[in-house]
file data.txt (compact mmCIF, C-alpha atoms and all ligand atoms)
# COMPACT_ATOMS: atom_id res chain seq x y z
CA MET A 1 -49.56 93.68 -11.03
CA LYS A 2 -48.52 91.02 -13.57
CA MET A 3 -45.61 88.90 -12.37
CA LYS A 4 -42.38 89.20 -14.30
CA LYS A 5 -41.55 86.04 -16.21
CA LEU A 6 -38.19 84.35 -16.80
CA LEU A 7 -37.76 81.71 -19.50
CA LEU A 8 -34.78 79.39 -18.94
CA ILE A 9 -33.68 77.35 -21.94
CA GLN A 10 -31.30 74.39 -22.11
CA SER A 11 -30.37 74.25 -25.79
CA THR A 12 -29.65 71.12 -27.80
CA PRO A 13 -26.66 70.70 -30.18
CA TYR A 14 -27.02 70.65 -33.97
CA ASP A 15 -26.48 67.52 -36.03
CA LEU A 16 -24.20 67.55 -39.09
CA ASN A 17 -27.01 69.05 -41.19
CA ARG A 18 -27.40 71.86 -38.68
CA LYS A 19 -30.70 70.54 -37.42
CA PRO A 20 -31.29 70.60 -33.65
CA ILE A 21 -30.89 67.07 -32.25
CA LYS A 22 -34.22 65.97 -30.82
CA LYS A 23 -35.07 63.03 -28.59
CA LYS A 24 -38.26 61.59 -27.15
CA LYS A 25 -36.77 61.39 -23.69
CA LEU A 26 -33.99 63.33 -21.97
CA TYR A 27 -32.09 61.08 -19.59
CA PHE A 28 -29.41 63.52 -18.45
CA VAL A 29 -31.08 66.64 -17.14
CA GLY A 30 -28.73 69.50 -16.30
CA LEU A 31 -28.68 71.04 -12.85
CA ALA A 32 -27.95 74.64 -13.85
CA LEU A 33 -31.49 75.66 -14.79
CA PRO A 34 -33.28 74.20 -11.73
CA LEU A 35 -30.63 75.99 -9.63
CA LEU A 36 -31.04 79.29 -11.48
CA ALA A 37 -34.80 79.01 -11.01
CA ALA A 38 -34.23 78.55 -7.26
CA LEU A 39 -31.95 81.61 -7.18
CA THR A 40 -34.56 83.78 -8.92
CA PRO A 41 -36.66 86.03 -6.62
CA GLN A 42 -40.00 84.49 -5.67
CA ASP A 43 -42.04 87.28 -7.23
CA TRP A 44 -40.91 86.04 -10.66
CA GLN A 45 -42.64 83.32 -12.62
CA VAL A 46 -40.10 80.85 -14.03
CA GLU A 47 -40.45 78.38 -16.90
CA ILE A 48 -37.82 75.85 -18.02
CA VAL A 49 -37.59 74.55 -21.58
CA LEU A 50 -35.38 71.54 -22.41
CA GLU A 51 -34.94 71.90 -26.13
CA THR A 52 -33.85 68.30 -26.72
CA ILE A 53 -37.41 67.19 -25.91
CA GLU A 54 -39.42 70.40 -26.29
CA ASP A 55 -39.98 73.16 -28.80
CA ILE A 56 -38.80 76.62 -27.94
CA PRO A 57 -41.75 79.01 -27.52
CA PHE A 58 -40.28 81.90 -29.52
CA ASP A 59 -43.55 83.82 -29.08
CA THR A 60 -43.36 83.63 -25.30
CA ASP A 61 -44.60 86.50 -23.14
CA ALA A 62 -41.51 86.11 -20.91
CA ASP A 63 -39.71 89.34 -20.03
CA LEU A 64 -36.28 87.79 -19.75
CA ILE A 65 -34.72 84.87 -21.62
CA ALA A 66 -31.69 83.04 -20.19
CA ILE A 67 -30.02 80.30 -22.22
CA GLY A 68 -27.52 77.83 -20.83
CA SER A 69 -25.62 75.41 -23.00
CA MET A 70 -23.34 72.46 -22.67
CA GLY A 71 -20.39 71.87 -24.97
CA HIS A 72 -21.18 71.95 -28.65
CA ALA A 73 -24.70 73.26 -28.11
CA ILE A 74 -23.13 76.74 -28.02
CA ILE A 75 -23.78 77.20 -31.75
CA ARG A 76 -27.46 76.49 -31.30
CA THR A 77 -27.50 78.72 -28.21
CA ILE A 78 -26.29 81.67 -30.25
CA ASP A 79 -28.88 81.07 -32.97
CA ILE A 80 -31.65 80.97 -30.35
CA ALA A 81 -30.32 84.15 -28.75
CA GLU A 82 -30.35 85.94 -32.12
CA GLU A 83 -33.91 84.82 -32.78
CA PHE A 84 -35.11 86.21 -29.44
CA LYS A 85 -33.16 89.42 -29.97
CA LYS A 86 -34.95 89.89 -33.31
CA ARG A 87 -38.20 89.68 -31.35
CA GLY A 88 -37.09 92.42 -28.98
CA LYS A 89 -36.40 90.22 -25.95
CA THR A 90 -33.67 90.70 -23.37
CA VAL A 91 -31.34 87.71 -23.55
CA ILE A 92 -28.74 86.45 -21.09
CA LEU A 93 -26.24 83.68 -21.88
CA GLY A 94 -24.26 81.48 -19.51
CA GLY A 95 -22.60 78.08 -19.17
CA TYR A 96 -19.12 76.63 -19.75
CA MET A 97 -18.62 77.50 -23.40
CA VAL A 98 -20.11 80.95 -23.04
CA SER A 99 -17.78 81.59 -20.09
CA LEU A 100 -14.74 80.51 -22.10
CA MET A 101 -15.61 82.78 -25.03
CA ALA A 102 -17.50 85.53 -23.23
CA GLU A 103 -16.49 88.35 -25.58
CA GLU A 104 -17.71 86.46 -28.63
CA ALA A 105 -20.93 85.32 -26.91
CA GLY A 106 -21.58 88.90 -25.79
CA LYS A 107 -22.13 89.92 -29.44
CA TYR A 108 -25.37 87.95 -29.55
CA CYS A 109 -27.06 88.85 -26.27
CA ASP A 110 -27.62 91.61 -23.72
CA SER A 111 -25.55 90.15 -20.95
CA VAL A 112 -23.19 87.23 -20.26
CA VAL A 113 -22.81 85.44 -16.95
CA ILE A 114 -19.19 84.28 -16.78
CA GLY A 115 -18.48 81.28 -14.58
CA ASP A 116 -20.64 80.39 -11.60
CA ALA A 117 -23.95 82.22 -11.32
CA GLU A 118 -24.62 81.80 -7.59
CA ASN A 119 -23.13 85.10 -6.45
CA VAL A 120 -24.36 87.24 -9.35
CA TRP A 121 -27.79 86.01 -10.39
CA GLY A 122 -29.68 88.11 -7.82
CA ARG A 123 -27.84 91.20 -9.12
CA VAL A 124 -28.63 90.32 -12.75
CA ILE A 125 -32.35 90.24 -11.98
CA GLU A 126 -32.19 93.41 -9.87
CA ASP A 127 -30.24 95.32 -12.55
CA TYR A 128 -32.66 94.15 -15.24
CA GLN A 129 -35.59 95.45 -13.24
CA LYS A 130 -33.86 98.81 -12.78
CA GLY A 131 -33.03 98.95 -16.52
CA GLU A 132 -29.33 98.82 -15.67
CA LEU A 133 -28.32 95.40 -16.98
CA LYS A 134 -24.56 95.18 -17.45
CA SER A 135 -22.90 93.50 -20.41
CA SER A 136 -21.31 90.84 -18.20
CA TYR A 137 -21.30 89.53 -14.66
CA LYS A 138 -18.50 87.61 -13.03
CA GLU A 139 -17.72 86.78 -9.44
CA GLU A 140 -15.61 83.82 -8.42
CA LEU A 141 -16.98 81.59 -5.72
CA THR A 142 -14.93 81.06 -2.61
CA CYS A 143 -17.38 78.59 -1.12
CA LEU A 144 -20.10 76.52 -2.70
CA LYS A 145 -23.57 77.01 -1.29
CA THR A 146 -26.57 76.29 -3.45
CA PRO A 147 -30.33 76.38 -2.82
CA LEU A 148 -32.69 73.42 -3.28
CA PRO A 149 -32.97 72.97 -7.06
CA ARG A 150 -36.45 73.69 -8.50
CA PHE A 151 -37.04 70.20 -9.90
CA ASP A 152 -40.78 70.91 -9.70
CA LEU A 153 -40.34 72.83 -12.99
CA ILE A 154 -39.15 69.77 -14.92
CA LEU A 155 -40.88 66.83 -13.26
CA LYS A 156 -43.74 66.65 -15.76
CA LYS A 157 -41.35 66.53 -18.72
CA ASN A 158 -40.22 63.32 -20.36
CA ILE A 159 -37.02 62.84 -18.36
CA GLY A 160 -35.17 59.75 -17.13
CA ASP A 161 -35.53 57.96 -13.81
CA PHE A 162 -32.80 59.91 -12.01
CA LEU A 163 -32.10 63.54 -11.13
CA PRO A 164 -28.80 65.43 -10.88
CA ILE A 165 -27.10 66.86 -7.83
CA GLN A 166 -23.63 68.18 -7.15
CA ALA A 167 -21.34 67.84 -4.14
CA GLY A 168 -18.25 69.64 -5.46
CA ARG A 169 -17.17 71.84 -8.36
CA GLY A 170 -13.77 72.03 -10.06
CA CYS A 171 -10.85 69.62 -10.03
CA PRO A 172 -7.34 69.73 -8.54
CA ASN A 173 -5.78 68.50 -11.82
CA SER A 174 -4.72 70.70 -14.72
CA CYS A 175 -5.22 68.89 -18.03
CA SER A 176 -4.37 71.28 -20.86
CA PHE A 177 -7.51 70.73 -22.98
CA CYS A 178 -10.01 70.84 -20.14
CA SER A 179 -12.61 73.55 -19.71
CA VAL A 180 -13.02 72.65 -16.03
CA TYR A 181 -9.35 73.48 -15.41
CA CYS A 182 -9.67 76.60 -17.51
CA LEU A 183 -12.47 77.95 -15.32
CA TYR A 184 -11.49 76.64 -11.90
CA LYS A 185 -7.65 76.55 -12.11
CA ASN A 186 -7.11 73.62 -9.73
CA LYS A 187 -9.75 74.92 -7.36
CA TYR A 188 -12.03 72.30 -5.86
CA LEU A 189 -15.05 73.62 -3.98
CA LYS A 190 -17.11 71.28 -1.83
CA ARG A 191 -20.56 71.78 -0.43
CA GLU A 192 -21.48 71.05 3.15
CA ILE A 193 -22.35 67.36 3.31
CA ALA A 194 -25.61 68.20 5.12
CA ASP A 195 -26.66 70.34 2.11
CA VAL A 196 -25.84 67.58 -0.37
CA ILE A 197 -27.88 65.12 1.67
CA ARG A 198 -30.73 67.67 1.84
CA ASP A 199 -30.80 67.70 -1.99
CA ILE A 200 -30.64 63.91 -2.30
CA THR A 201 -33.45 63.62 0.22
CA GLN A 202 -35.54 65.96 -1.92
CA ILE A 203 -34.91 63.70 -4.93
CA LYS A 204 -36.03 60.69 -2.91
CA GLU A 205 -39.14 62.49 -1.67
CA LEU A 206 -40.01 63.34 -5.27
CA GLY A 207 -40.22 59.59 -5.90
CA PHE A 208 -36.82 58.90 -7.49
CA SER A 209 -34.60 56.07 -6.27
CA LYS A 210 -31.53 57.13 -8.31
CA PHE A 211 -29.43 60.25 -8.67
CA LEU A 212 -26.44 61.41 -10.67
CA LEU A 213 -23.60 63.14 -8.85
CA LEU A 214 -22.48 65.64 -11.47
CA ASP A 215 -19.09 66.35 -9.93
CA ASP A 216 -16.08 66.47 -12.23
CA ASN A 217 -13.97 64.30 -9.93
CA ILE A 218 -15.66 62.87 -6.85
CA ILE A 219 -12.41 61.47 -5.46
CA ALA A 220 -10.71 64.87 -5.37
CA ASP A 221 -11.01 64.71 -1.56
CA ARG A 222 -10.97 61.13 -0.22
CA MET A 223 -12.05 61.98 3.35
CA TYR A 224 -14.95 64.05 2.09
CA LEU A 225 -16.12 61.25 -0.20
CA LEU A 226 -15.89 58.69 2.62
CA GLU A 227 -18.07 60.85 4.85
CA LEU A 228 -20.50 61.58 2.03
CA CYS A 229 -20.86 57.87 1.19
CA GLY A 230 -21.63 57.12 4.84
CA GLU A 231 -24.55 59.57 4.71
CA ILE A 232 -25.73 58.48 1.24
CA LYS A 233 -25.89 54.86 2.38
CA LYS A 234 -28.52 55.75 5.00
CA LEU A 235 -30.83 56.97 2.21
CA ASN A 236 -30.78 53.59 0.46
CA MET A 237 -30.56 54.98 -3.07
CA GLN A 238 -28.58 54.17 -6.20
CA TRP A 239 -26.23 56.62 -7.88
CA ALA A 240 -23.63 57.19 -10.57
CA SER A 241 -20.89 59.75 -11.06
CA GLN A 242 -17.48 60.41 -12.61
CA CYS A 243 -13.96 60.58 -11.23
CA SER A 244 -10.32 59.87 -11.83
CA ILE A 245 -9.43 56.26 -12.68
CA LYS A 246 -7.07 56.36 -9.70
CA ILE A 247 -9.99 55.18 -7.58
CA GLY A 248 -9.16 51.75 -9.02
CA ASP A 249 -6.07 51.61 -6.77
CA ASP A 250 -8.08 52.13 -3.61
CA LYS A 251 -9.95 48.91 -2.86
CA GLU A 252 -11.15 50.11 0.54
CA LEU A 253 -12.69 53.25 -0.94
CA LEU A 254 -14.20 51.28 -3.82
CA GLU A 255 -15.96 48.97 -1.39
CA ILE A 256 -17.41 51.91 0.58
CA VAL A 257 -18.49 53.74 -2.60
CA ALA A 258 -20.19 50.59 -3.96
CA ASP A 259 -21.81 49.86 -0.59
CA SER A 260 -23.36 53.35 -0.55
CA GLY A 261 -25.28 52.51 -3.72
CA CYS A 262 -22.90 53.54 -6.51
CA LEU A 263 -23.78 51.54 -9.62
CA ALA A 264 -21.56 53.12 -12.25
CA LEU A 265 -18.66 55.52 -12.67
CA SER A 266 -17.45 57.28 -15.75
CA PHE A 267 -13.75 57.92 -16.30
CA GLY A 268 -12.06 60.43 -18.57
CA LEU A 269 -9.29 58.04 -19.62
CA GLU A 270 -8.64 60.19 -22.70
CA SER A 271 -6.08 57.92 -24.37
CA ILE A 272 -4.13 54.67 -24.24
CA SER A 273 -1.07 56.53 -25.57
CA VAL A 274 1.44 57.63 -22.91
CA GLU A 275 2.73 60.23 -25.32
CA SER A 276 -0.74 61.70 -25.90
CA LEU A 277 -1.43 61.91 -22.18
CA LYS A 278 1.86 63.74 -21.76
CA TYR A 279 0.78 66.36 -24.31
CA MET A 280 -2.50 66.74 -22.47
CA ASP A 281 -0.70 67.39 -19.16
CA LYS A 282 -2.26 64.19 -17.89
CA SER A 283 0.86 62.03 -17.44
CA TRP A 284 -0.38 60.97 -14.03
CA ALA A 285 -2.95 58.74 -15.77
CA LYS A 286 -0.96 55.61 -16.55
CA PRO A 287 -2.50 53.58 -19.42
CA LYS A 288 -0.52 50.48 -18.41
CA GLU A 289 -2.42 50.49 -15.14
CA TYR A 290 -5.86 51.02 -16.70
CA PRO A 291 -6.76 47.31 -17.06
CA GLU A 292 -5.91 46.48 -13.42
CA ARG A 293 -7.75 49.53 -12.12
CA ILE A 294 -10.80 48.80 -14.27
CA LYS A 295 -10.80 45.18 -13.04
CA ASN A 296 -10.78 46.36 -9.41
CA ILE A 297 -13.65 48.78 -10.03
CA GLN A 298 -15.71 46.11 -11.78
CA ALA A 299 -14.89 43.60 -9.02
CA ALA A 300 -16.38 46.04 -6.49
CA GLY A 301 -19.65 45.84 -8.45
CA ILE A 302 -19.33 49.24 -10.14
CA ASP A 303 -19.87 49.43 -13.90
CA VAL A 304 -17.30 51.33 -15.93
CA SER A 305 -18.00 53.80 -18.70
CA THR A 306 -15.31 55.90 -20.37
CA GLU A 307 -14.73 59.17 -22.17
CA MET A 308 -11.73 59.22 -24.52
CA VAL A 309 -10.29 61.57 -27.12
CA VAL A 310 -8.32 60.90 -30.30
CA GLY A 311 -5.99 63.20 -32.17
CA ALA A 312 -3.44 64.18 -29.52
CA ASP A 313 0.20 64.29 -30.49
CA GLY A 314 1.00 60.72 -29.44
CA ASP A 315 -1.84 59.24 -31.50
CA THR A 316 -1.18 57.34 -34.69
CA LEU A 317 -3.72 55.64 -36.94
CA GLN A 318 -2.62 52.37 -35.31
CA SER A 319 -3.08 53.62 -31.72
CA ILE A 320 -6.59 54.84 -32.59
CA GLN A 321 -7.41 51.41 -34.01
CA ASP A 322 -5.95 49.74 -30.90
CA THR A 323 -8.34 51.76 -28.75
CA ALA A 324 -11.23 49.58 -30.02
CA LYS A 325 -9.52 46.47 -28.69
CA PHE A 326 -8.84 48.17 -25.36
CA ILE A 327 -12.57 48.99 -24.99
CA SER A 328 -13.61 45.49 -25.94
CA ASP A 329 -10.99 43.66 -23.80
CA ASN A 330 -11.88 45.73 -20.75
CA LYS A 331 -15.62 45.30 -21.30
CA ILE A 332 -16.44 48.98 -21.02
CA VAL A 333 -20.23 49.16 -20.89
CA ILE A 334 -20.62 52.68 -22.26
CA PRO A 335 -17.64 54.13 -24.16
CA ARG A 336 -17.73 57.59 -25.70
CA PHE A 337 -15.13 59.29 -27.89
CA TYR A 338 -14.43 62.77 -29.16
CA ILE A 339 -11.82 64.25 -31.44
CA LEU A 340 -9.50 66.30 -29.24
CA THR A 341 -10.76 69.80 -29.91
CA PRO A 342 -8.93 72.99 -29.00
CA ILE A 343 -11.56 74.89 -27.06
CA PRO A 344 -10.78 78.62 -27.13
CA GLY A 345 -9.54 79.70 -23.73
CA THR A 346 -7.74 76.45 -22.96
CA LYS A 347 -3.96 76.01 -22.82
CA TYR A 348 -4.23 73.42 -25.58
CA TYR A 349 -5.86 75.97 -27.89
CA GLU A 350 -3.13 78.54 -27.15
CA ASP A 351 -0.37 75.95 -27.82
CA LEU A 352 -1.83 74.92 -31.17
CA ARG A 353 -2.40 78.52 -32.19
CA ALA A 354 1.19 79.46 -31.31
CA HIS A 355 2.43 76.62 -33.54
CA HIS A 356 0.06 77.45 -36.44
CA ARG A 357 -1.71 74.12 -36.06
CA ILE A 358 -5.30 75.36 -36.03
CA TYR A 359 -6.77 73.88 -39.20
CA LYS A 360 -10.26 75.41 -39.01
CA GLU A 361 -10.64 78.92 -37.68
CA ASP A 362 -14.43 78.92 -37.55
CA ILE A 363 -15.01 78.04 -33.90
CA TYR A 364 -18.66 77.35 -34.67
CA SER A 365 -17.59 74.24 -36.56
CA TYR A 366 -15.92 72.85 -33.41
CA ASN A 367 -18.22 69.95 -32.65
CA GLY A 368 -15.82 67.26 -31.41
CA SER A 369 -16.53 64.92 -34.32
CA GLU A 370 -14.41 66.59 -36.98
CA ALA A 371 -10.69 67.42 -36.80
CA VAL A 372 -10.13 71.18 -36.56
CA HIS A 373 -6.40 71.02 -35.79
CA ILE A 374 -3.41 69.55 -37.60
CA PRO A 375 -2.49 66.31 -35.82
CA LYS A 376 1.14 65.24 -35.58
CA HIS A 377 0.99 61.82 -37.22
CA MET A 378 -1.84 62.10 -39.74
CA THR A 379 -3.84 64.62 -41.72
CA PRO A 380 -7.01 66.18 -40.25
CA GLU A 381 -9.07 64.20 -42.79
CA GLU A 382 -7.39 60.94 -41.76
CA LEU A 383 -8.08 61.74 -38.12
CA THR A 384 -11.77 62.39 -38.77
CA LYS A 385 -12.02 59.11 -40.70
CA ALA A 386 -10.13 57.16 -38.02
CA TYR A 387 -12.47 58.61 -35.40
CA TRP A 388 -15.62 57.38 -37.15
CA ASP A 389 -13.96 54.03 -37.96
CA LEU A 390 -13.21 53.65 -34.26
CA TYR A 391 -16.81 54.41 -33.33
CA ASN A 392 -18.10 51.94 -35.93
CA GLU A 393 -15.77 49.22 -34.68
CA VAL A 394 -16.59 49.76 -30.99
CA PHE A 395 -20.31 49.82 -31.75
CA SER A 396 -20.31 46.77 -33.99
CA ILE A 397 -22.85 44.20 -32.83
CA SER A 398 -20.07 41.80 -31.79
CA SER A 399 -18.30 44.40 -29.63
CA ILE A 400 -21.57 45.56 -28.05
CA ALA A 401 -22.54 41.96 -27.24
CA LYS A 402 -19.11 41.15 -25.80
CA ARG A 403 -19.14 44.22 -23.56
CA THR A 404 -22.72 43.95 -22.28
CA LEU A 405 -24.17 40.45 -22.72
CA PHE A 406 -21.28 37.98 -22.83
CA ARG A 407 -20.09 38.56 -19.31
CA LYS A 408 -19.43 36.05 -16.55
CA ASP A 409 -21.73 37.89 -14.13
CA PHE A 410 -24.47 38.51 -16.70
CA PHE A 411 -27.12 36.50 -14.85
CA THR A 412 -26.46 38.24 -11.53
CA LYS A 413 -26.92 41.73 -13.01
CA MET A 414 -29.11 40.95 -16.00
CA ASP A 415 -31.27 44.12 -15.80
CA ARG A 416 -28.26 46.39 -15.79
CA TYR A 417 -26.51 44.68 -18.70
CA ILE A 418 -29.64 44.63 -20.82
CA PHE A 419 -30.05 48.34 -20.08
CA TYR A 420 -26.45 48.98 -21.25
CA PHE A 421 -27.05 46.81 -24.32
CA MET A 422 -30.03 48.97 -25.25
CA ILE A 423 -28.05 52.20 -24.77
CA ASN A 424 -25.30 50.79 -26.99
CA ILE A 425 -27.80 49.91 -29.69
CA TYR A 426 -29.17 53.45 -29.51
CA TYR A 427 -25.64 54.89 -29.76
CA ARG A 428 -25.00 52.62 -32.75
CA TYR A 429 -28.11 54.03 -34.42
CA GLN A 430 -26.78 57.58 -33.83
CA ILE A 431 -23.27 56.72 -35.06
CA LYS A 432 -24.66 55.32 -38.31
CA ARG A 433 -26.17 58.79 -38.81
CA LYS A 434 -22.86 60.46 -37.92
CA ILE A 435 -24.20 61.83 -34.65
CA THR A 436 -21.66 61.67 -31.83
CA PRO A 437 -23.34 60.00 -28.87
CA ASN A 438 -23.27 62.30 -25.87
CA ILE A 439 -25.15 63.01 -22.73
CA ILE A 440 -27.82 65.32 -24.06
S1 LIG B 1 -8.97 65.27 -14.39
FE1 LIG B 1 -10.75 65.61 -15.73
S2 LIG B 1 -11.86 67.36 -14.82
FE2 LIG B 1 -9.81 67.31 -13.90
S3 LIG B 1 -8.61 68.74 -15.16
FE3 LIG B 1 -8.29 66.70 -16.01
S4 LIG B 1 -9.87 66.44 -17.63
FE4 LIG B 1 -10.45 68.22 -16.34
call {"tool": "encode", "arguments": {"input": "data.txt", "output": "structure tokens", "more": "lines below"}}
Ligand code: SF4
result
Amino acid sequence: MKMKKLLLIQSTPYDLNRKPIKKKKLYFVGLALPLLAALTPQDWQVEIVLETIEDIPFDTDADLIAIGSMGHAIIRTIDIAEEFKKRGKTVILGGYMVSLMAEEAGKYCDSVVIGDAENVWGRVIEDYQKGELKSSYKEELTCLKTPLPRFDLILKKNIGDFLPIQAGRGCPNSCSFCSVYCLYKNKYLKREIADVIRDITQIKELGFSKFLLLDDNIIADRMYLLELCGEIKKLNMQWASQCSIKIGDDKELLEIVADSGCLALSFGLESISVESLKYMDKSWAKPKEYPERIKNIQAAGIDVSTEMVVGADGDTLQSIQDTAKFISDNKIVIPRFYILTPIPGTKYYEDLRAHHRIYKEDIYSYNGSEAVHIPKHMTPEELTKAYWDLYNEVFSISSIAKRTLFRKDFFTKMDRYIFYFMINIYYRYQIKRKITPNII
């Protein structure tokens, strides 16, 4: 009997001309599809397509199509789903954005997986085989246990020199704009350390010396992280991740994290405006303390990249301009920015809606690089312009050089700084084409 076939697709976002963004190489590979493949019964054949670097085989003989998307790729995801539906295929959608707007997403597919798939995926496949697929599946996780990801399905593709893993999911904080908070509501689920190490060992055995810990906030549990770092160190690998900037206060932890092989951390600093952070329910992040914390992190040998947003209620045109100086003065190696966007389902979206401050109703235009709300101290058009001006300033040749090449320790970490320089140049190339640099 012919094996059933599942096609898993990671979609790519559109550019401003509604063309799918394509790259020669995909550095940041998602974990969701290799995990879904591992959760699929063994009598199924599974194929993974990473649209950023591959074409979608719309004429596939697959029985079932499942599409996962990150952030703004949701629009593309829906278009792909419609195309497969036209061809008579059964389509399932999942991922963060789909989970936040499940009712809307459900219009374009046969079934929606809301939230984590671990506890429901087996049932989805079983129901499909019985012809009893339900319109949605949702079951909250109470503990996090995941199988060995099927990286064998992506190894031959043109991906970067590191693979993703995850130790924990969720975050104990409750920032109003955040989709992580929206889905996990302060819940923070951790995997058994032995399982995390099992996955890192697999990555090492596959010939990789680096991995990316995809957690939303790896310092959510200090004791857990200390124990994890002790085990990671034994594997002699290099890694990167993201967490709260508060780690900058903890020199002992920083030393242990760096000693375990951590090369770089990314921080969602969001804003240098106290007022803006207050509106985002993130008052605990103190901008005055950012420079000292960043200095401590860099002194431990860990490179700092940042994610920030503009357009919150404390932001003025001046504070957005000042952000460029902050990035340059603190020598942030990879800075990324977005316009604060009210994602449906978040508290921030509900607040703006209640105050009639949603400027663009079409949620499919929500791409993080155009204002869709009415800011407090400027017009939406001024915000969009200030956003691109900020990007152009931060990615000017002089700022790039100051942040990556003109550093006191340049000659001790030359390879790393040249690597960051090249990434910055690539981002600059994208910004000139009005493409927001992101991790796809
Ligand atoms: S700290 Fe980061 S992950 Fe946690 S709720 Fe805030 S924005 Fe979301």
call {"tool": "residues_near_point", "arguments": {"input": "data.txt", "point": "(-31.0, 92.1, -27.3)", "cutoff": "6 Å", "atoms": "only C-alpha atoms", "output": "ChimeraX atom specification"}}
result
/A:85,89-91,109-110
call {"tool": "residues_near_ligand", "arguments": {"input": "data.txt", "ligand": "ligand LIG 1 (chain B)", "cutoff": "7 Å", "atoms": "all atoms listed in the file", "output": "ChimeraX atom specification"}}
result
/A:170-175,178-181,216-217,244,268,282
call {"tool": "residues_around", "arguments": {"input": "data.txt", "residues": "Met223 in chain A", "least_positions_apart": "6", "cutoff": "12 Å", "atoms": "all atoms listed in the file", "output": "count of residues only"}}
result
6
call {"tool": "axis_aligned_box", "arguments": {"input": "data.txt", "around": "range 81-89 of chain A", "padding_each_side": "3 Å", "output": "AutoDock Vina command-line options"}}
result
--center_x -34.3 --center_y 88.3 --center_z -29.6 --size_x 13.9 --size_y 14.3 --size_z 13.4
call {"tool": "closest_atom_pairs", "arguments": {"input": "data.txt", "of": "range 214-311 of chain A", "to": "range 344-350 of chain A", "cutoff": "10 Å", "atoms": "all atoms listed in the file", "output": "tab-separated table"}}
result
residue	atom	partner	partner_atom	distance
A:Tyr279	CA	A:Tyr348	CA	8.7
A:Met280	CA	A:Tyr348	CA	7.6
A:Asp281	CA	A:Tyr348	CA	9.5
call {"tool": "residues_around", "arguments": {"input": "data.txt", "residues": "Gln298 in chain A", "least_positions_apart": "6", "cutoff": "10 Å", "atoms": "all atoms listed in the file", "output": "PDB file with C-alpha atoms, in the coordinates of the input"}}
result
ATOM      1  CA  GLY A 248      -9.160  51.750  -9.020  1.00  0.00           C
ATOM      2  CA  LEU A 254     -14.200  51.280  -3.820  1.00  0.00           C
ATOM      3  CA  LEU A 263     -23.780  51.540  -9.620  1.00  0.00           C
ATOM      4  CA  ALA A 264     -21.560  53.120 -12.250  1.00  0.00           C
ATOM      5  CA  LEU A 265     -18.660  55.520 -12.670  1.00  0.00           C
ATOM      6  CA  GLU A 292      -5.910  46.480 -13.420  1.00  0.00           C
ATOM      7  CA  VAL A 304     -17.300  51.330 -15.930  1.00  0.00           C
ATOM      8  CA  ASN A 330     -11.880  45.730 -20.750  1.00  0.00           C
ATOM      9  CA  LYS A 331     -15.620  45.300 -21.300  1.00  0.00           C
ATOM     10  CA  ILE A 332     -16.440  48.980 -21.020  1.00  0.00           C
TER      11      ILE A 332
END
call {"tool": "atom_distance", "arguments": {"input": "data.txt", "atom1": "CA of Leu226 in chain A", "atom2": "CA of Phe151 in chain A"}}
result
27.1 Å
call {"tool": "closest_residue", "arguments": {"input": "data.txt", "among": "A:Thr52, A:Thr306, A:Thr341, A:Ser111", "to": "Phe177 in chain A", "atoms": "only C-alpha atoms"}}
result
A:Thr341
call {"tool": "residues_around", "arguments": {"input": "data.txt", "residues": "Ala386 in chain A", "least_positions_apart": "3", "cutoff": "7 Å", "atoms": "only C-alpha atoms", "output": "PDB file with C-alpha atoms, in the frame of the given file"}}
result
ATOM      1  CA  LEU A 317      -3.720  55.640 -36.940  1.00  0.00           C
ATOM      2  CA  ILE A 320      -6.590  54.840 -32.590  1.00  0.00           C
ATOM      3  CA  GLU A 382      -7.390  60.940 -41.760  1.00  0.00           C
ATOM      4  CA  LEU A 383      -8.080  61.740 -38.120  1.00  0.00           C
ATOM      5  CA  ASP A 389     -13.960  54.030 -37.960  1.00  0.00           C
ATOM      6  CA  LEU A 390     -13.210  53.650 -34.260  1.00  0.00           C
TER       7      LEU A 390
END
call {"tool": "residues_near_point", "arguments": {"input": "data.txt", "point": "(-34.9, 78.9, -9.1)", "cutoff": "12 Å", "atoms": "all atoms listed in the file", "output": "VMD selection string"}}
result
chain A and resid 6 to 8 31 to 48 117 to 118 121 to 122 125 146 to 154
call {"tool": "residues_around", "arguments": {"input": "data.txt", "residues": "Pro437 in chain A", "least_positions_apart": "5", "cutoff": "8 Å", "atoms": "all atoms listed in the file", "output": "ChimeraX atom specification"}}
result
/A:336,427,430-431
call {"tool": "write_last_selection", "arguments": {"input": "data.txt", "atoms": "C-alpha atoms", "output": "PDB file, in the frame of the given file"}}
result
ATOM      1  CA  ARG A 336     -17.730  57.590 -25.700  1.00  0.00           C
ATOM      2  CA  TYR A 427     -25.640  54.890 -29.760  1.00  0.00           C
ATOM      3  CA  GLN A 430     -26.780  57.580 -33.830  1.00  0.00           C
ATOM      4  CA  ILE A 431     -23.270  56.720 -35.060  1.00  0.00           C
TER       5      ILE A 431
END
call {"tool": "atom_distance", "arguments": {"input": "data.txt", "atom1": "CA of Phe419 in chain A", "atom2": "CA of Asn367 in chain A"}}
result
27.7 Å
call {"tool": "residues_around", "arguments": {"input": "data.txt", "residues": "range 199-205 of chain A", "least_positions_apart": "4", "cutoff": "8 Å", "atoms": "only C-alpha atoms", "output": "ChimeraX atom specification"}}
result
/A:148-149,163,165,195,209-211,235,237
call {"tool": "closest_residue", "arguments": {"input": "data.txt", "among": "A:Ile343, A:Leu16, A:Leu64, A:Ala324", "to": "Tyr96 in chain A", "atoms": "all atoms listed in the file"}}
result
A:Ile343
